[in-house]
file target_19.pdb (PDB, C-alpha atoms)
ATOM      1  CA  MET A   1      18.835   7.914   7.104
ATOM      2  CA  ILE A   2      16.233   5.164   6.840
ATOM      3  CA  GLU A   3      13.281   5.144   9.181
ATOM      4  CA  ILE A   4      10.016   3.235   9.496
ATOM      5  CA  THR A   5       7.930   4.922  12.120
ATOM      6  CA  ASN A   6       4.530   5.471  13.711
ATOM      7  CA  GLU A   7       5.289   9.172  14.051
ATOM      8  CA  ASP A   8       4.624  11.931  11.542
ATOM      9  CA  PHE A   9       7.624  13.732  10.077
ATOM     10  CA  SER A  10       8.516  17.263   9.038
ATOM     11  CA  VAL A  11       9.742  17.515   5.452
ATOM     12  CA  ASN A  12      11.476  20.800   6.339
ATOM     13  CA  GLU A  13      13.454  19.143   9.109
ATOM     14  CA  ILE A  14      14.507  16.330   6.800
ATOM     15  CA  VAL A  15      15.651  18.815   4.160
ATOM     16  CA  GLU A  16      17.504  20.976   6.710
ATOM     17  CA  ARG A  17      19.367  17.932   8.037
ATOM     18  CA  MET A  18      20.538  17.054   4.532
ATOM     19  CA  LYS A  19      21.927  20.463   3.635
ATOM     20  CA  SER A  20      25.693  20.942   3.517
ATOM     21  CA  PRO A  21      27.948  23.521   1.880
ATOM     22  CA  GLU A  22      28.951  21.108  -0.913
ATOM     23  CA  ILE A  23      25.476  20.270  -2.181
ATOM     24  CA  GLY A  24      23.299  22.398  -4.435
ATOM     25  CA  CYS A  25      19.880  20.812  -4.066
ATOM     26  CA  VAL A  26      17.616  18.486  -2.121
ATOM     27  CA  VAL A  27      14.906  16.810  -4.211
ATOM     28  CA  THR A  28      11.978  15.423  -2.220
ATOM     29  CA  PHE A  29       9.048  13.129  -2.903
ATOM     30  CA  VAL A  30       6.228  13.106  -0.350
ATOM     31  CA  GLY A  31       3.462  10.513  -0.663
ATOM     32  CA  THR A  32       0.170  11.352   1.090
ATOM     33  CA  VAL A  33      -3.140   9.584   1.751
ATOM     34  CA  ARG A  34      -5.661  10.063  -1.078
ATOM     35  CA  SER A  35      -9.386  10.275  -0.368
ATOM     36  CA  THR A  36     -10.309   8.176  -3.369
ATOM     37  CA  SER A  37      -9.246   4.955  -4.958
ATOM     38  CA  PRO A  38     -10.639   3.112  -7.998
ATOM     39  CA  GLN A  39     -12.623   1.047  -5.477
ATOM     40  CA  GLY A  40     -14.452   3.998  -3.921
ATOM     41  CA  PRO A  41     -14.111   6.804  -1.375
ATOM     42  CA  VAL A  42     -11.431   6.160   1.240
ATOM     43  CA  GLU A  43     -11.843   7.051   4.920
ATOM     44  CA  THR A  44      -8.467   6.027   6.351
ATOM     45  CA  VAL A  45      -5.478   3.917   5.429
ATOM     46  CA  GLU A  46      -3.756   1.335   7.598
ATOM     47  CA  ILE A  47      -0.125   0.741   6.782
ATOM     48  CA  GLU A  48       1.686  -2.378   7.864
ATOM     49  CA  SER A  49       5.306  -3.332   7.347
ATOM     50  CA  TYR A  50       7.686  -6.251   7.767
ATOM     51  CA  THR A  51       9.999  -3.758   9.366
ATOM     52  CA  GLU A  52      13.261  -5.720   9.537
ATOM     53  CA  MET A  53      13.059  -6.738   5.878
ATOM     54  CA  ALA A  54      11.786  -3.305   4.798
ATOM     55  CA  ARG A  55      14.865  -1.701   6.378
ATOM     56  CA  GLU A  56      17.146  -4.154   4.575
ATOM     57  CA  LYS A  57      15.478  -3.555   1.226
ATOM     58  CA  LEU A  58      15.538   0.220   1.674
ATOM     59  CA  SER A  59      19.254   0.051   2.535
ATOM     60  CA  GLU A  60      19.884  -1.921  -0.649
ATOM     61  CA  LEU A  61      17.986   0.692  -2.680
ATOM     62  CA  VAL A  62      19.989   3.516  -1.110
ATOM     63  CA  GLU A  63      23.259   1.684  -1.798
ATOM     64  CA  HIS A  64      22.187   1.256  -5.407
ATOM     65  CA  VAL A  65      21.416   4.940  -6.027
ATOM     66  CA  LYS A  66      24.609   6.027  -4.330
ATOM     67  CA  LYS A  67      26.526   3.757  -6.706
ATOM     68  CA  TYR A  68      24.732   4.577  -9.953
ATOM     69  CA  PHE A  69      23.714   8.237  -9.617
ATOM     70  CA  GLU A  70      25.761  11.325  -8.874
ATOM     71  CA  ILE A  71      24.171  12.156  -5.562
ATOM     72  CA  ALA A  72      25.380  12.988  -2.059
ATOM     73  CA  ASP A  73      22.903  11.449   0.379
ATOM     74  CA  VAL A  74      19.436   9.916   0.758
ATOM     75  CA  SER A  75      16.801   9.995   3.501
ATOM     76  CA  ILE A  76      13.761   7.720   3.415
ATOM     77  CA  ILE A  77      11.028   7.837   6.039
ATOM     78  CA  HIS A  78       7.961   5.596   5.758
ATOM     79  CA  ARG A  79       5.102   5.672   8.202
ATOM     80  CA  VAL A  80       3.080   2.743   9.494
ATOM     81  CA  GLY A  81      -0.188   2.652  11.437
ATOM     82  CA  LYS A  82      -3.542   4.284  10.841
ATOM     83  CA  LEU A  83      -3.380   7.438   8.728
ATOM     84  CA  GLU A  84      -6.064   9.979   7.876
ATOM     85  CA  ILE A  85      -6.661  11.634   4.499
ATOM     86  CA  SER A  86      -3.810  13.962   3.432
ATOM     87  CA  GLU A  87      -1.430  12.696   6.112
ATOM     88  CA  ASN A  88       2.155  11.998   5.088
ATOM     89  CA  ILE A  89       2.929   8.397   4.167
ATOM     90  CA  VAL A  90       6.460   8.532   2.871
ATOM     91  CA  CYS A  91       9.242  11.025   2.252
ATOM     92  CA  ILE A  92      12.203  10.380   0.003
ATOM     93  CA  ALA A  93      14.828  13.128  -0.045
ATOM     94  CA  VAL A  94      17.916  13.081  -2.233
ATOM     95  CA  SER A  95      20.703  15.619  -1.963
ATOM     96  CA  ALA A  96      23.217  16.273  -4.725
ATOM     97  CA  VAL A  97      25.607  18.816  -6.151
ATOM     98  CA  HIS A  98      23.388  19.136  -9.249
ATOM     99  CA  ARG A  99      19.670  18.448  -9.644
ATOM    100  CA  LYS A 100      19.590  16.112 -12.647
ATOM    101  CA  ASP A 101      20.656  12.906 -10.916
ATOM    102  CA  ALA A 102      18.838  13.878  -7.703
ATOM    103  CA  PHE A 103      15.515  13.907  -9.611
ATOM    104  CA  LYS A 104      16.340  10.631 -11.375
ATOM    105  CA  ALA A 105      17.413   8.889  -8.159
ATOM    106  CA  CYS A 106      14.344  10.122  -6.273
ATOM    107  CA  GLU A 107      11.976   8.782  -8.949
ATOM    108  CA  TRP A 108      13.836   5.483  -9.155
ATOM    109  CA  LEU A 109      13.647   5.095  -5.375
ATOM    110  CA  ILE A 110       9.879   5.584  -5.089
ATOM    111  CA  ASN A 111       9.249   3.242  -8.034
ATOM    112  CA  GLU A 112      11.425   0.507  -6.519
ATOM    113  CA  LEU A 113      10.029   1.074  -3.024
ATOM    114  CA  LYS A 114       6.575   0.269  -4.386
ATOM    115  CA  LYS A 115       7.888  -2.905  -6.038
ATOM    116  CA  CYS A 116      10.159  -4.561  -3.500
ATOM    117  CA  VAL A 117       9.825  -3.123   0.007
ATOM    118  CA  PRO A 118       7.457  -5.195   2.206
ATOM    119  CA  ILE A 119       4.975  -2.502   3.214
ATOM    120  CA  TRP A 120       1.214  -2.783   2.636
ATOM    121  CA  LYS A 121      -1.576  -0.229   2.521
ATOM    122  CA  ASN A 122      -5.037  -1.324   3.533
ATOM    123  CA  GLU A 123      -7.632   1.229   2.464
ATOM    124  CA  ILE A 124     -10.670   1.535   4.722
ATOM    125  CA  PHE A 125     -13.576   2.657   2.570
ATOM    126  CA  THR A 126     -16.157   5.249   3.504
ATOM    127  CA  LYS A 127     -19.665   3.913   3.597
ATOM    128  CA  ILE A 128     -21.741   5.667   0.966
ATOM    129  CA  VAL A 129     -24.680   7.484   2.580
ATOM    130  CA  GLU A 130     -27.324   9.971   1.410
ATOM    131  CA  ASN A 131     -24.896  12.847   2.051
ATOM    132  CA  THR A 132     -22.064  11.387  -0.039
ATOM    133  CA  ARG A 133     -21.315  13.698  -2.940
ATOM    134  CA  LEU A 134     -22.007  12.330  -6.410
ATOM    135  CA  VAL A 135     -18.471  13.245  -7.471
ATOM    136  CA  GLU A 136     -17.003  10.816  -4.913
ATOM    137  CA  ILE A 137     -19.080   7.937  -6.264
ATOM    138  CA  LEU A 138     -18.254   8.695  -9.888
ATOM    139  CA  LYS A 139     -14.523   8.427  -9.198
ATOM    140  CA  SER A 140     -14.998   4.679  -9.077
ATOM    141  CA  PRO A 141     -15.807   3.017 -12.434
ATOM    142  CA  GLU A 142     -18.046   0.573 -10.598
ATOM    143  CA  GLY A 143     -19.906   3.526  -9.020
ATOM    144  CA  SER A 144     -20.695   5.030 -12.420
ATOM    145  CA  LYS A 145     -22.033   1.696 -13.673
ATOM    146  CA  ILE A 146     -24.318   1.268 -10.672
ATOM    147  CA  LEU A 147     -25.688   4.813 -11.001
ATOM    148  CA  ALA A 148     -26.434   4.130 -14.678
ATOM    149  CA  LYS A 149     -28.110   0.838 -13.762
ATOM    150  CA  HIS A 150     -30.431   2.709 -11.375
ATOM    151  CA  ASN A 151     -31.367   5.060 -14.233
ATOM    152  CA  LEU A 152     -29.673   8.183 -12.968
ATOM    153  CA  PRO A 153     -30.012  10.411 -16.028
ATOM    154  CA  CYS A 154     -27.317  12.049 -18.122
ATOM    155  CA  LEU A 155     -24.129  12.370 -16.093
ATOM    156  CA  HIS A 156     -22.111  13.733 -18.970
ATOM    157  CA  CYS A 157     -23.952  16.906 -20.078
ATOM    158  CA  PRO A 158     -22.344  20.250 -19.029
ATOM    159  CA  MET A 159     -25.028  20.991 -16.442
ATOM    160  CA  ALA A 160     -24.601  17.599 -14.846
ATOM    161  CA  THR A 161     -20.837  18.085 -14.715
ATOM    162  CA  TYR A 162     -21.406  21.267 -12.761
ATOM    163  CA  GLU A 163     -23.963  19.637 -10.483
ATOM    164  CA  ILE A 164     -21.911  16.524  -9.779
ATOM    165  CA  GLY A 165     -19.458  18.590  -7.748
ATOM    166  CA  THR A 166     -22.102  19.898  -5.369
ATOM    167  CA  LEU A 167     -24.973  17.442  -5.384
ATOM    168  CA  LYS A 168     -25.374  14.665  -2.879
ATOM    169  CA  ILE A 169     -26.544  11.220  -3.866
ATOM    170  CA  GLY A 170     -29.650  11.491  -1.627
ATOM    171  CA  GLU A 171     -30.753  14.732  -3.323
ATOM    172  CA  VAL A 172     -30.235  13.299  -6.792
ATOM    173  CA  ALA A 173     -32.183  10.141  -5.997
ATOM    174  CA  LYS A 174     -35.065  12.236  -4.645
ATOM    175  CA  MET A 175     -34.993  14.537  -7.662
ATOM    176  CA  TYR A 176     -35.395  11.664 -10.088
ATOM    177  CA  GLY A 177     -37.594   9.427  -7.964
ATOM    178  CA  ILE A 178     -34.952   6.746  -7.547
ATOM    179  CA  ASN A 179     -35.230   4.391  -4.554
ATOM    180  CA  ILE A 180     -32.344   5.612  -2.365
ATOM    181  CA  LYS A 181     -32.297   2.574  -0.080
ATOM    182  CA  ASN A 182     -31.796   0.159  -2.964
ATOM    183  CA  LEU A 183     -29.273   2.439  -4.607
ATOM    184  CA  LEU A 184     -27.139   2.784  -1.435
ATOM    185  CA  LYS A 185     -27.325  -0.937  -0.805
ATOM    186  CA  ASP A 186     -26.164  -1.660  -4.328
ATOM    187  CA  LEU A 187     -23.355   0.923  -4.151
ATOM    188  CA  ASN A 188     -21.997  -0.195  -0.782
ATOM    189  CA  LYS A 189     -22.170  -3.840  -1.723
ATOM    190  CA  ASN A 190     -20.676  -3.687  -5.193
ATOM    191  CA  ILE A 191     -18.065  -0.952  -5.050
ATOM    192  CA  ARG A 192     -16.102  -2.937  -2.452
ATOM    193  CA  LYS A 193     -16.713  -6.182  -4.289
ATOM    194  CA  SER A 194     -14.766  -4.962  -7.280
ATOM    195  CA  ARG A 195     -11.563  -4.844  -5.211
TER
ATOM    196  CA  MET B   1      15.557 -27.766  13.186
ATOM    197  CA  LYS B   2      13.510 -24.745  14.212
ATOM    198  CA  VAL B   3      12.233 -22.212  11.675
ATOM    199  CA  LYS B   4      10.327 -19.032  12.453
ATOM    200  CA  VAL B   5       7.448 -18.213  10.099
ATOM    201  CA  LYS B   6       5.905 -14.740   9.980
ATOM    202  CA  PHE B   7       2.663 -13.703   8.293
ATOM    203  CA  PHE B   8       1.646 -10.244   7.147
ATOM    204  CA  ALA B   9      -1.495  -8.528   5.793
ATOM    205  CA  SER B  10      -3.980 -10.956   4.135
ATOM    206  CA  GLN B  11      -1.795 -13.986   4.925
ATOM    207  CA  ARG B  12      -1.844 -13.019   8.623
ATOM    208  CA  LYS B  13      -5.636 -12.774   8.519
ATOM    209  CA  ALA B  14      -5.880 -16.176   6.784
ATOM    210  CA  VAL B  15      -3.721 -17.893   9.399
ATOM    211  CA  GLY B  16      -5.088 -15.940  12.350
ATOM    212  CA  LYS B  17      -1.670 -15.277  13.852
ATOM    213  CA  SER B  18       1.364 -13.232  12.966
ATOM    214  CA  GLU B  19       4.069 -15.717  13.845
ATOM    215  CA  LEU B  20       4.691 -19.383  14.536
ATOM    216  CA  GLU B  21       7.577 -21.792  14.934
ATOM    217  CA  ILE B  22       7.994 -24.967  12.895
ATOM    218  CA  ASN B  23      10.000 -27.891  14.233
ATOM    219  CA  SER B  24      11.173 -30.412  11.690
ATOM    220  CA  GLU B  25      13.302 -33.535  12.116
ATOM    221  CA  GLU B  26      14.221 -33.648   8.445
ATOM    222  CA  LYS B  27      15.661 -30.988   6.170
ATOM    223  CA  ILE B  28      12.924 -29.345   4.138
ATOM    224  CA  THR B  29      12.669 -26.769   1.371
ATOM    225  CA  ILE B  30      10.485 -23.662   1.493
ATOM    226  CA  ASN B  31       8.055 -25.322  -0.947
ATOM    227  CA  ARG B  32       7.654 -28.278   1.454
ATOM    228  CA  LEU B  33       7.132 -25.852   4.335
ATOM    229  CA  LEU B  34       4.406 -24.102   2.307
ATOM    230  CA  GLU B  35       2.653 -27.438   1.698
ATOM    231  CA  MET B  36       2.754 -28.133   5.441
ATOM    232  CA  LEU B  37       1.343 -24.689   6.210
ATOM    233  CA  ILE B  38      -1.464 -25.073   3.656
ATOM    234  CA  THR B  39      -2.438 -28.436   5.197
ATOM    235  CA  GLU B  40      -2.689 -26.791   8.605
ATOM    236  CA  TYR B  41      -4.214 -23.507   7.390
ATOM    237  CA  PRO B  42      -6.318 -24.291   4.263
ATOM    238  CA  GLU B  43      -7.248 -20.601   3.909
ATOM    239  CA  LEU B  44      -3.682 -19.999   2.710
ATOM    240  CA  LYS B  45      -4.376 -22.048  -0.408
ATOM    241  CA  LYS B  46      -6.860 -19.447  -1.680
ATOM    242  CA  LEU B  47      -4.095 -16.850  -1.417
ATOM    243  CA  ALA B  48      -1.408 -19.050  -2.985
ATOM    244  CA  LYS B  49      -1.300 -17.061  -6.232
ATOM    245  CA  PHE B  50      -0.905 -13.827  -4.275
ATOM    246  CA  THR B  51       1.654 -15.027  -1.780
ATOM    247  CA  ILE B  52       5.224 -13.842  -1.773
ATOM    248  CA  VAL B  53       7.754 -15.688   0.346
ATOM    249  CA  SER B  54      10.929 -14.351   1.881
ATOM    250  CA  LEU B  55      13.822 -16.125   3.579
ATOM    251  CA  ASN B  56      15.961 -14.145   6.010
ATOM    252  CA  TYR B  57      14.755 -10.831   4.488
ATOM    253  CA  ASN B  58      15.379 -11.852   0.880
ATOM    254  CA  PHE B  59      12.749 -12.868  -1.670
ATOM    255  CA  ALA B  60      12.687 -16.655  -1.991
ATOM    256  CA  ASN B  61      11.879 -18.880  -4.967
ATOM    257  CA  GLY B  62      10.779 -21.907  -2.940
ATOM    258  CA  SER B  63      13.620 -24.299  -3.696
ATOM    259  CA  GLU B  64      15.811 -23.063  -0.825
ATOM    260  CA  LEU B  65      16.685 -25.662   1.796
ATOM    261  CA  LEU B  66      15.860 -24.416   5.262
ATOM    262  CA  LYS B  67      18.285 -24.512   8.149
ATOM    263  CA  ASP B  68      17.991 -24.055  11.879
ATOM    264  CA  GLY B  69      17.199 -20.470  12.897
ATOM    265  CA  ASP B  70      15.894 -19.343   9.507
ATOM    266  CA  GLU B  71      13.102 -16.779   9.280
ATOM    267  CA  VAL B  72      10.495 -17.256   6.568
ATOM    268  CA  ALA B  73       7.683 -14.777   5.872
ATOM    269  CA  LEU B  74       4.508 -14.993   3.807
ATOM    270  CA  PHE B  75       2.840 -11.855   2.527
ATOM    271  CA  PRO B  76       0.901 -10.388  -0.420
ATOM    272  CA  PRO B  77       2.485  -8.328  -3.225
ATOM    273  CA  VAL B  78       3.929  -5.190  -1.659
ATOM    274  CA  GLY B  79       2.318  -1.775  -2.039
ATOM    275  CA  GLY B  80       3.747   0.967   0.123
ATOM    276  CA  GLY B  81       4.528   4.546  -0.821
TER
END
call {"tool": "encode", "arguments": {"input": "target_19.pdb", "output": "structure tokens"}}
result
Amino acid sequence: MIEITNEDFSVNEIVERMKSPEIGCVVTFVGTVRSTSPQGPVETVEIESYTEMAREKLSELVEHVKKYFEIADVSIIHRVGKLEISENIVCIAVSAVHRKDAFKACEWLINELKKCVPIWKNEIFTKIVENTRLVEILKSPEGSKILAKHNLPCLHCPMATYEIGTLKIGEVAKMYGINIKNLLKDLNKNIRKSR
Amino acid sequence: MKVKVKFFASQRKAVGKSELEINSEEKITINRLLEMLITEYPELKKLAKFTIVSLNYNFANGSELLKDGDEVALFPPVGGG
């Protein structure tokens, strides 16, 4: 089964549909929306597809794995539209008599899907505000550089590592007498620019 | 000869529409079609290095000769999953 849809899916339902007395396993891969990217904190993701071509390419991929791996069946569901953090993006399920080729085929499918199926993810970034946690900003390499440029002290000592998880950028700026307005302006302008 | 051209993601934003139809008296290749599109939509030139072209749902190399009823699409490198 190949599906490109606006609707969410249930992994359990997909797995149940693929079960049959002859098979011994169903291997699944589920891709979900991450809250961070190298470019900064992500708020939502918009997924767009060239649906007719995406279906064709997915069919070709399924044909390929059925030919070259010892598997029984494949289901691929990819969502499009606006998705929130942690929502399902894609599910690839491969059933087989034995697990070895099911794992291999599943990994091959997701790798190829990312290379040749016309689907695009547009990440919508969260604006960094005083309440944004330091840890979110530091996930972006550009964020770390900007914090260093604004003289935020020692982000690598053990105490700082502990604090990074809980502290908010506004609190830190206040603590060290850093101009928060300039810092936020710099962060919001340059983290996106590095895309 | 009529050819349908579709645009996705950044290429759609550059052109400002998702689809258009090209009428041509003479037979043209995809590369010639791209030149015509860039003349009409100069923003596409900036994306040239990041533009992938397909013909009837298959990736194209540009040298293909177009025929009546073909569907061409322009889009950025893919990135689903």
call {"tool": "closest_atom_pairs", "arguments": {"input": "target_19.pdb", "of": "chain A", "to": "chain B", "cutoff": "9 Å", "atoms": "all atoms listed in the file", "output": "JSON lines"}}
result
{"residue": "A:Val30", "atom": "CA", "partner": "B:Gly81", "partner_atom": "CA", "distance": 8.7}
{"residue": "A:Gly31", "atom": "CA", "partner": "B:Gly81", "partner_atom": "CA", "distance": 6.1}
{"residue": "A:Thr32", "atom": "CA", "partner": "B:Gly81", "partner_atom": "CA", "distance": 8.3}
{"residue": "A:Ile47", "atom": "CA", "partner": "B:Gly80", "partner_atom": "CA", "distance": 7.7}
{"residue": "A:Glu48", "atom": "CA", "partner": "B:Ala9", "partner_atom": "CA", "distance": 7.2}
{"residue": "A:Ser49", "atom": "CA", "partner": "B:Phe8", "partner_atom": "CA", "distance": 7.8}
{"residue": "A:Tyr50", "atom": "CA", "partner": "B:Phe8", "partner_atom": "CA", "distance": 7.3}
{"residue": "A:Glu52", "atom": "CA", "partner": "B:Tyr57", "partner_atom": "CA", "distance": 7.3}
{"residue": "A:Met53", "atom": "CA", "partner": "B:Tyr57", "partner_atom": "CA", "distance": 4.6}
{"residue": "A:Ala54", "atom": "CA", "partner": "B:Tyr57", "partner_atom": "CA", "distance": 8.1}
{"residue": "A:Glu56", "atom": "CA", "partner": "B:Tyr57", "partner_atom": "CA", "distance": 7.1}
{"residue": "A:Lys57", "atom": "CA", "partner": "B:Tyr57", "partner_atom": "CA", "distance": 8.0}
{"residue": "A:His78", "atom": "CA", "partner": "B:Gly81", "partner_atom": "CA", "distance": 7.5}
{"residue": "A:Ile89", "atom": "CA", "partner": "B:Gly81", "partner_atom": "CA", "distance": 6.5}
{"residue": "A:Val90", "atom": "CA", "partner": "B:Gly81", "partner_atom": "CA", "distance": 5.8}
{"residue": "A:Cys91", "atom": "CA", "partner": "B:Gly81", "partner_atom": "CA", "distance": 8.6}
{"residue": "A:Ile110", "atom": "CA", "partner": "B:Gly81", "partner_atom": "CA", "distance": 6.9}
{"residue": "A:Asn111", "atom": "CA", "partner": "B:Gly81", "partner_atom": "CA", "distance": 8.7}
{"residue": "A:Leu113", "atom": "CA", "partner": "B:Gly81", "partner_atom": "CA", "distance": 6.9}
{"residue": "A:Lys114", "atom": "CA", "partner": "B:Gly79", "partner_atom": "CA", "distance": 5.3}
{"residue": "A:Lys115", "atom": "CA", "partner": "B:Val78", "partner_atom": "CA", "distance": 6.3}
{"residue": "A:Cys116", "atom": "CA", "partner": "B:Val78", "partner_atom": "CA", "distance": 6.5}
{"residue": "A:Val117", "atom": "CA", "partner": "B:Val78", "partner_atom": "CA", "distance": 6.5}
{"residue": "A:Pro118", "atom": "CA", "partner": "B:Val78", "partner_atom": "CA", "distance": 5.2}
{"residue": "A:Ile119", "atom": "CA", "partner": "B:Gly80", "partner_atom": "CA", "distance": 4.8}
{"residue": "A:Trp120", "atom": "CA", "partner": "B:Gly79", "partner_atom": "CA", "distance": 4.9}
{"residue": "A:Lys121", "atom": "CA", "partner": "B:Gly80", "partner_atom": "CA", "distance": 6.0}
{"residue": "A:Asn122", "atom": "CA", "partner": "B:Ala9", "partner_atom": "CA", "distance": 8.3}
call {"tool": "resolve_selection", "arguments": {"input": "target_19.pdb", "expression": "the PyMOL selection byres ((chain A and resi 103) around 10)", "output": "list in words"}}
result
Cys25, Val26, Val27, Thr28, Phe29, Phe69, Ile71, Ala93, Val94, Ser95, Ala96, His98, Arg99, Lys100, Asp101, Ala102, Lys104, Ala105, Cys106, Glu107, Trp108 and Leu109 of chain A
call {"tool": "write_last_selection", "arguments": {"input": "target_19.pdb", "atoms": "C-alpha atoms", "output": "mmCIF file, in the frame of the given file"}}
result
data_model
loop_
_atom_site.group_PDB
_atom_site.id
_atom_site.type_symbol
_atom_site.label_atom_id
_atom_site.label_comp_id
_atom_site.auth_asym_id
_atom_site.auth_seq_id
_atom_site.Cartn_x
_atom_site.Cartn_y
_atom_site.Cartn_z
ATOM 1 C CA CYS A 25 19.880 20.812 -4.066
ATOM 2 C CA VAL A 26 17.616 18.486 -2.121
ATOM 3 C CA VAL A 27 14.906 16.810 -4.211
ATOM 4 C CA THR A 28 11.978 15.423 -2.220
ATOM 5 C CA PHE A 29 9.048 13.129 -2.903
ATOM 6 C CA PHE A 69 23.714 8.237 -9.617
ATOM 7 C CA ILE A 71 24.171 12.156 -5.562
ATOM 8 C CA ALA A 93 14.828 13.128 -0.045
ATOM 9 C CA VAL A 94 17.916 13.081 -2.233
ATOM 10 C CA SER A 95 20.703 15.619 -1.963
ATOM 11 C CA ALA A 96 23.217 16.273 -4.725
ATOM 12 C CA HIS A 98 23.388 19.136 -9.249
ATOM 13 C CA ARG A 99 19.670 18.448 -9.644
ATOM 14 C CA LYS A 100 19.590 16.112 -12.647
ATOM 15 C CA ASP A 101 20.656 12.906 -10.916
ATOM 16 C CA ALA A 102 18.838 13.878 -7.703
ATOM 17 C CA LYS A 104 16.340 10.631 -11.375
ATOM 18 C CA ALA A 105 17.413 8.889 -8.159
ATOM 19 C CA CYS A 106 14.344 10.122 -6.273
ATOM 20 C CA GLU A 107 11.976 8.782 -8.949
ATOM 21 C CA TRP A 108 13.836 5.483 -9.155
ATOM 22 C CA LEU A 109 13.647 5.095 -5.375
#
call {"tool": "residues_around", "arguments": {"input": "target_19.pdb", "residues": "Asn23 of chain B", "least_positions_apart": "2", "cutoff": "9 Å", "atoms": "only C-alpha atoms", "output": "number ranges by chain"}}
result
B: 1-3, 21, 25
call {"tool": "residues_around", "arguments": {"input": "target_19.pdb", "residues": "segment 34-48 of chain B", "least_positions_apart": "4", "cutoff": "7 Å", "atoms": "only C-alpha atoms", "output": "PyMOL selection string"}}
result
chain B and resi 11+14-15+30
call {"tool": "axis_aligned_box", "arguments": {"input": "target_19.pdb", "around": "segment 44-59 of chain A", "padding_each_side": "6 Å", "output": "lines of an AutoDock Vina configuration file"}}
result
center_x = 5.4
center_y = -0.4
center_z = 5.4
size_x = 39.7
size_y = 24.8
size_z = 20.3
call {"tool": "atom_distance", "arguments": {"input": "target_19.pdb", "atom1": "atom CA of Arg34 of chain A", "atom2": "atom CA of Ile137 of chain A"}}
result
14.5 Å
call {"tool": "resolve_selection", "arguments": {"input": "target_19.pdb", "expression": "the PyMOL selection byres ((chain A and resi 178) around 12)", "output": "PDB file with C-alpha atoms, keeping the file's coordinate frame"}}
result
ATOM      1  CA  LEU A 147     -25.688   4.813 -11.001  1.00  0.00           C
ATOM      2  CA  ALA A 148     -26.434   4.130 -14.678  1.00  0.00           C
ATOM      3  CA  LYS A 149     -28.110   0.838 -13.762  1.00  0.00           C
ATOM      4  CA  HIS A 150     -30.431   2.709 -11.375  1.00  0.00           C
ATOM      5  CA  ASN A 151     -31.367   5.060 -14.233  1.00  0.00           C
ATOM      6  CA  LEU A 152     -29.673   8.183 -12.968  1.00  0.00           C
ATOM      7  CA  PRO A 153     -30.012  10.411 -16.028  1.00  0.00           C
ATOM      8  CA  ILE A 169     -26.544  11.220  -3.866  1.00  0.00           C
ATOM      9  CA  GLY A 170     -29.650  11.491  -1.627  1.00  0.00           C
ATOM     10  CA  GLU A 171     -30.753  14.732  -3.323  1.00  0.00           C
ATOM     11  CA  VAL A 172     -30.235  13.299  -6.792  1.00  0.00           C
ATOM     12  CA  ALA A 173     -32.183  10.141  -5.997  1.00  0.00           C
ATOM     13  CA  LYS A 174     -35.065  12.236  -4.645  1.00  0.00           C
ATOM     14  CA  MET A 175     -34.993  14.537  -7.662  1.00  0.00           C
ATOM     15  CA  TYR A 176     -35.395  11.664 -10.088  1.00  0.00           C
ATOM     16  CA  GLY A 177     -37.594   9.427  -7.964  1.00  0.00           C
ATOM     17  CA  ASN A 179     -35.230   4.391  -4.554  1.00  0.00           C
ATOM     18  CA  ILE A 180     -32.344   5.612  -2.365  1.00  0.00           C
ATOM     19  CA  LYS A 181     -32.297   2.574  -0.080  1.00  0.00           C
ATOM     20  CA  ASN A 182     -31.796   0.159  -2.964  1.00  0.00           C
ATOM     21  CA  LEU A 183     -29.273   2.439  -4.607  1.00  0.00           C
ATOM     22  CA  LEU A 184     -27.139   2.784  -1.435  1.00  0.00           C
TER      23      LEU A 184
END
call {"tool": "closest_residue", "arguments": {"input": "target_19.pdb", "among": "B:Val5, B:Leu74, B:Gly62, B:Asp68", "to": "Asn31 of chain B", "atoms": "all atoms listed in the file"}}
result
B:Gly62
call {"tool": "resolve_selection", "arguments": {"input": "target_19.pdb", "expression": "the PyMOL selection byres ((chain A and resi 38) around 10)", "output": "list of chain:residue names"}}
result
A:Thr36, A:Ser37, A:Gln39, A:Gly40, A:Pro41, A:Val42, A:Ile137, A:Leu138, A:Lys139, A:Ser140, A:Pro141, A:Glu142, A:Gly143, A:Ile191, A:Arg192, A:Ser194, A:Arg195
call {"tool": "atom_distance", "arguments": {"input": "target_19.pdb", "atom1": "atom CA of Ser63 of chain B", "atom2": "atom CA of Glu63 of chain A"}}
result
27.8 Å
call {"tool": "atom_distance", "arguments": {"input": "target_19.pdb", "atom1": "atom CA of Arg133 of chain A", "atom2": "atom CA of Val33 of chain A"}}
result
19.2 Å
call {"tool": "closest_residue", "arguments": {"input": "target_19.pdb", "among": "B:Leu33, B:Lys27, B:Val72, B:Ile22", "to": "Ala60 of chain B", "atoms": "all atoms listed in the file"}}
result
B:Val72
call {"tool": "closest_residue", "arguments": {"input": "target_19.pdb", "among": "A:Met18, A:Gly81, A:Lys185, A:Glu112", "to": "Val62 of chain A", "atoms": "all atoms listed in the file"}}
result
A:Glu112
call {"tool": "closest_residue", "arguments": {"input": "target_19.pdb", "among": "A:Asp186, A:Val135, A:Lys82, A:Val129", "to": "Val45 of chain A", "atoms": "all atoms listed in the file"}}
result
A:Lys82
